[in-house]
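Chemist: Data: coords-v5.pdb, PDB, C-alpha atoms.
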MODEL        1
ATOM      1  CA  MET A   1     -33.973  92.237 116.275  1.00  0.00           C
ATOM      2  CA  THR A   2     -35.312  89.498 113.987  1.00  0.00           C
ATOM      3  CA  TYR A   3     -33.410  88.610 110.829  1.00  0.00           C
ATOM      4  CA  ASN A   4     -34.355  86.977 107.574  1.00  0.00           C
ATOM      5  CA  SER A   5     -34.253  83.180 107.785  1.00  0.00           C
ATOM      6  CA  THR A   6     -32.257  83.005 104.540  1.00  0.00           C
ATOM      7  CA  LEU A   7     -29.207  84.555 106.198  1.00  0.00           C
ATOM      8  CA  PRO A   8     -26.500  82.111 107.305  1.00  0.00           C
ATOM      9  CA  LYS A   9     -26.805  81.328 111.016  1.00  0.00           C
ATOM     10  CA  VAL A  10     -23.169  82.228 111.580  1.00  0.00           C
ATOM     11  CA  PHE A  11     -23.747  85.684 110.093  1.00  0.00           C
ATOM     12  CA  VAL A  12     -26.825  86.232 112.275  1.00  0.00           C
ATOM     13  CA  TYR A  13     -24.810  85.214 115.349  1.00  0.00           C
ATOM     14  CA  LEU A  14     -21.982  87.557 114.296  1.00  0.00           C
ATOM     15  CA  LEU A  15     -24.390  90.446 113.765  1.00  0.00           C
ATOM     16  CA  THR A  16     -26.262  89.979 117.049  1.00  0.00           C
ATOM     17  CA  THR A  17     -22.967  89.721 118.938  1.00  0.00           C
ATOM     18  CA  ILE A  18     -21.704  92.929 117.307  1.00  0.00           C
ATOM     19  CA  GLU A  19     -24.974  94.709 118.135  1.00  0.00           C
ATOM     20  CA  THR A  20     -24.622  93.714 121.784  1.00  0.00           C
ATOM     21  CA  LEU A  21     -20.989  94.828 121.928  1.00  0.00           C
ATOM     22  CA  TYR A  22     -21.811  98.051 120.086  1.00  0.00           C
ATOM     23  CA  GLN A  23     -24.562  98.952 122.560  1.00  0.00           C
ATOM     24  CA  THR A  24     -22.411  98.215 125.611  1.00  0.00           C
ATOM     25  CA  SER A  25     -18.990  99.494 124.558  1.00  0.00           C
ATOM     26  CA  VAL A  26     -19.374 102.301 122.005  1.00  0.00           C
ATOM     27  CA  PRO A  27     -19.820 105.763 123.547  1.00  0.00           C
ATOM     28  CA  LEU A  28     -23.284 107.321 123.252  1.00  0.00           C
ATOM     29  CA  GLU A  29     -21.921 110.365 121.422  1.00  0.00           C
ATOM     30  CA  VAL A  30     -20.762 108.005 118.665  1.00  0.00           C
ATOM     31  CA  GLN A  31     -23.996 106.009 118.619  1.00  0.00           C
ATOM     32  CA  ASN A  32     -26.064 109.218 118.440  1.00  0.00           C
ATOM     33  CA  ARG A  33     -23.878 111.137 116.013  1.00  0.00           C
ATOM     34  CA  LYS A  34     -25.226 113.179 113.126  1.00  0.00           C
ATOM     35  CA  ASN A  35     -26.853 111.110 110.332  1.00  0.00           C
ATOM     36  CA  VAL A  36     -27.070 108.044 112.584  1.00  0.00           C
ATOM     37  CA  HIS A  37     -30.567 107.431 111.203  1.00  0.00           C
ATOM     38  CA  LEU A  38     -29.050 105.980 108.016  1.00  0.00           C
ATOM     39  CA  ALA A  39     -30.687 102.849 106.633  1.00  0.00           C
ATOM     40  CA  THR A  40     -27.545 100.732 107.015  1.00  0.00           C
ATOM     41  CA  SER A  41     -26.466 100.516 110.635  1.00  0.00           C
ATOM     42  CA  ASP A  42     -22.897 100.663 111.888  1.00  0.00           C
ATOM     43  CA  CYS A  43     -23.357  97.137 113.211  1.00  0.00           C
ATOM     44  CA  LEU A  44     -24.301  95.827 109.777  1.00  0.00           C
ATOM     45  CA  VAL A  45     -21.273  97.501 108.178  1.00  0.00           C
ATOM     46  CA  ILE A  46     -18.961  96.007 110.823  1.00  0.00           C
ATOM     47  CA  ALA A  47     -20.581  92.574 110.512  1.00  0.00           C
ATOM     48  CA  CYS A  48     -20.274  92.616 106.711  1.00  0.00           C
ATOM     49  CA  TYR A  49     -16.625  93.621 106.971  1.00  0.00           C
ATOM     50  CA  LEU A  50     -15.912  90.789 109.418  1.00  0.00           C
ATOM     51  CA  TRP A  51     -17.936  88.368 107.255  1.00  0.00           C
ATOM     52  CA  GLY A  52     -15.572  89.262 104.421  1.00  0.00           C
ATOM     53  CA  VAL A  53     -12.581  88.623 106.678  1.00  0.00           C
ATOM     54  CA  LEU A  54     -14.007  85.213 107.585  1.00  0.00           C
ATOM     55  CA  HIS A  55     -14.311  84.447 103.868  1.00  0.00           C
ATOM     56  CA  PHE A  56     -10.707  85.526 103.199  1.00  0.00           C
ATOM     57  CA  SER A  57     -11.747  88.563 101.134  1.00  0.00           C
ATOM     58  CA  GLU A  58      -8.594  90.628 100.901  1.00  0.00           C
ATOM     59  CA  THR A  59      -9.956  93.925  99.559  1.00  0.00           C
ATOM     60  CA  LEU A  60     -12.769  96.224 100.629  1.00  0.00           C
ATOM     61  CA  LYS A  61     -14.287  95.752  97.183  1.00  0.00           C
ATOM     62  CA  ALA A  62     -14.469  91.978  97.722  1.00  0.00           C
ATOM     63  CA  LYS A  63     -15.980  92.473 101.185  1.00  0.00           C
ATOM     64  CA  GLN A  64     -18.613  94.843  99.789  1.00  0.00           C
ATOM     65  CA  GLN A  65     -19.488  92.438  96.969  1.00  0.00           C
ATOM     66  CA  LEU A  66     -19.861  89.610  99.467  1.00  0.00           C
ATOM     67  CA  ALA A  67     -22.151  91.820 101.565  1.00  0.00           C
ATOM     68  CA  GLN A  68     -24.195  92.631  98.471  1.00  0.00           C
ATOM     69  CA  SER A  69     -24.678  88.925  97.856  1.00  0.00           C
ATOM     70  CA  LEU A  70     -26.390  88.760 101.275  1.00  0.00           C
ATOM     71  CA  PHE A  71     -28.165  92.125 101.040  1.00  0.00           C
ATOM     72  CA  PRO A  72     -28.965  93.184  97.447  1.00  0.00           C
ATOM     73  CA  ASN A  73     -29.703  96.770  98.592  1.00  0.00           C
ATOM     74  CA  PHE A  74     -26.461  97.052 100.574  1.00  0.00           C
ATOM     75  CA  LEU A  75     -24.329 100.186 100.342  1.00  0.00           C
ATOM     76  CA  GLU A  76     -22.561 101.029  97.112  1.00  0.00           C
ATOM     77  CA  TYR A  77     -18.800 100.473  97.203  1.00  0.00           C
ATOM     78  CA  SER A  78     -17.880 104.152  97.710  1.00  0.00           C
ATOM     79  CA  ARG A  79     -20.368 104.548 100.581  1.00  0.00           C
ATOM     80  CA  PHE A  80     -19.167 101.301 102.180  1.00  0.00           C
ATOM     81  CA  VAL A  81     -15.577 102.567 102.078  1.00  0.00           C
ATOM     82  CA  ARG A  82     -16.580 105.945 103.543  1.00  0.00           C
ATOM     83  CA  ARG A  83     -18.526 104.321 106.379  1.00  0.00           C
ATOM     84  CA  TRP A  84     -15.704 101.878 107.149  1.00  0.00           C
ATOM     85  CA  VAL A  85     -13.127 104.685 107.213  1.00  0.00           C
ATOM     86  CA  LEU A  86     -15.439 106.694 109.483  1.00  0.00           C
ATOM     87  CA  LEU A  87     -15.879 103.739 111.838  1.00  0.00           C
ATOM     88  CA  ARG A  88     -12.118 103.218 111.938  1.00  0.00           C
ATOM     89  CA  SER A  89     -11.547 106.885 112.705  1.00  0.00           C
ATOM     90  CA  LEU A  90     -14.059 106.654 115.562  1.00  0.00           C
ATOM     91  CA  LYS A  91     -12.036 103.749 116.947  1.00  0.00           C
ATOM     92  CA  ILE A  92     -15.049 101.466 117.015  1.00  0.00           C
ATOM     93  CA  LYS A  93     -12.910  98.624 115.737  1.00  0.00           C
ATOM     94  CA  ARG A  94     -10.579  99.006 118.723  1.00  0.00           C
ATOM     95  CA  ALA A  95     -13.461  99.122 121.190  1.00  0.00           C
ATOM     96  CA  LEU A  96     -14.932  95.939 119.743  1.00  0.00           C
ATOM     97  CA  SER A  97     -11.631  94.115 119.370  1.00  0.00           C
ATOM     98  CA  GLU A  98     -10.648  94.765 123.002  1.00  0.00           C
ATOM     99  CA  LEU A  99     -13.608  92.714 124.180  1.00  0.00           C
ATOM    100  CA  GLN A 100     -13.342  88.952 124.367  1.00  0.00           C
ATOM    101  CA  ILE A 101     -16.002  87.117 122.349  1.00  0.00           C
ATOM    102  CA  SER A 102     -16.639  83.749 123.946  1.00  0.00           C
TER     103      SER A 102
ENDMDL
END
Write the structure described by the file as structure tokens, please.

Modeler:
Amino acid sequence: MTYNSTLPKVFVYLLTTIETLYQTSVPLEVQNRKNVHLATSDCLVIACYLWGVLHFSETLKAKQQLAQSLFPNFLEYSRFVRRWVLLRSLKIKRALSELQIS
């Protein structure tokens, strides 16, 4: 996938790495779940969360605001929280964290 040249290179690298890990390690039933056609992908939500962690954002609100600074049409705070809670409940974080990123 090609990304906007105004995005920080580190974020693009983070997002492409997460997309690769997501495709190879997340079960197909999770990838193809109901409403998976949403405009904001799971990978983008995970990447924005991790981008907030890298910037020492302590709250979900701060992480969402940081994501909105990169993507003006990013999810509203309540939707971001719901998606993150859903991803946590699907154990996607565990699947991605178990893999070594070199």

Chemist: Can you measure atom CA of A:Phe11 to atom CA of A:Gln65 for me? One decimal in Å is fine.

Modeler: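 About the pair atom CA of A:Phe11 and atom CA of A:Gln65: they are 15.4 Å apart.
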
Chemist: Quick one: which residues end up in the PyMOL selection byres ((chain A and resi 77) around 12) for this structure, as number ranges by chain?

Modeler: A: 45, 59-68, 73-76, 78-84

Chemist: Check what the PyMOL selection byres ((chain A and resi 15) around 12) selects in the file above and give those residues as a ChimeraX atom specification.

Modeler: /A:1-3,7-14,16-22,41-51

Chemist: Any idea what the distance is between atom CA of A:Leu54 and atom CA of A:Gln31?

Modeler: 25.6 Å

Chemist: Taking all atoms of stretch 63-80 of chain A that the file lists and extending 3 Å past them on each side, where is the centre of the axis-aligned box and how long are its edges? Answer in Å to one decimal, as JSON.

Modeler:
{"center_x": -22.8, "center_y": 96.7, "center_z": 99.6, "size_x": 19.7, "size_y": 21.8, "size_z": 11.2}

Chemist: Could you tell me how far atom CA of A:Leu86 lies from atom CA of A:Val53, in Å and to one decimal?

Modeler: 18.5 Å
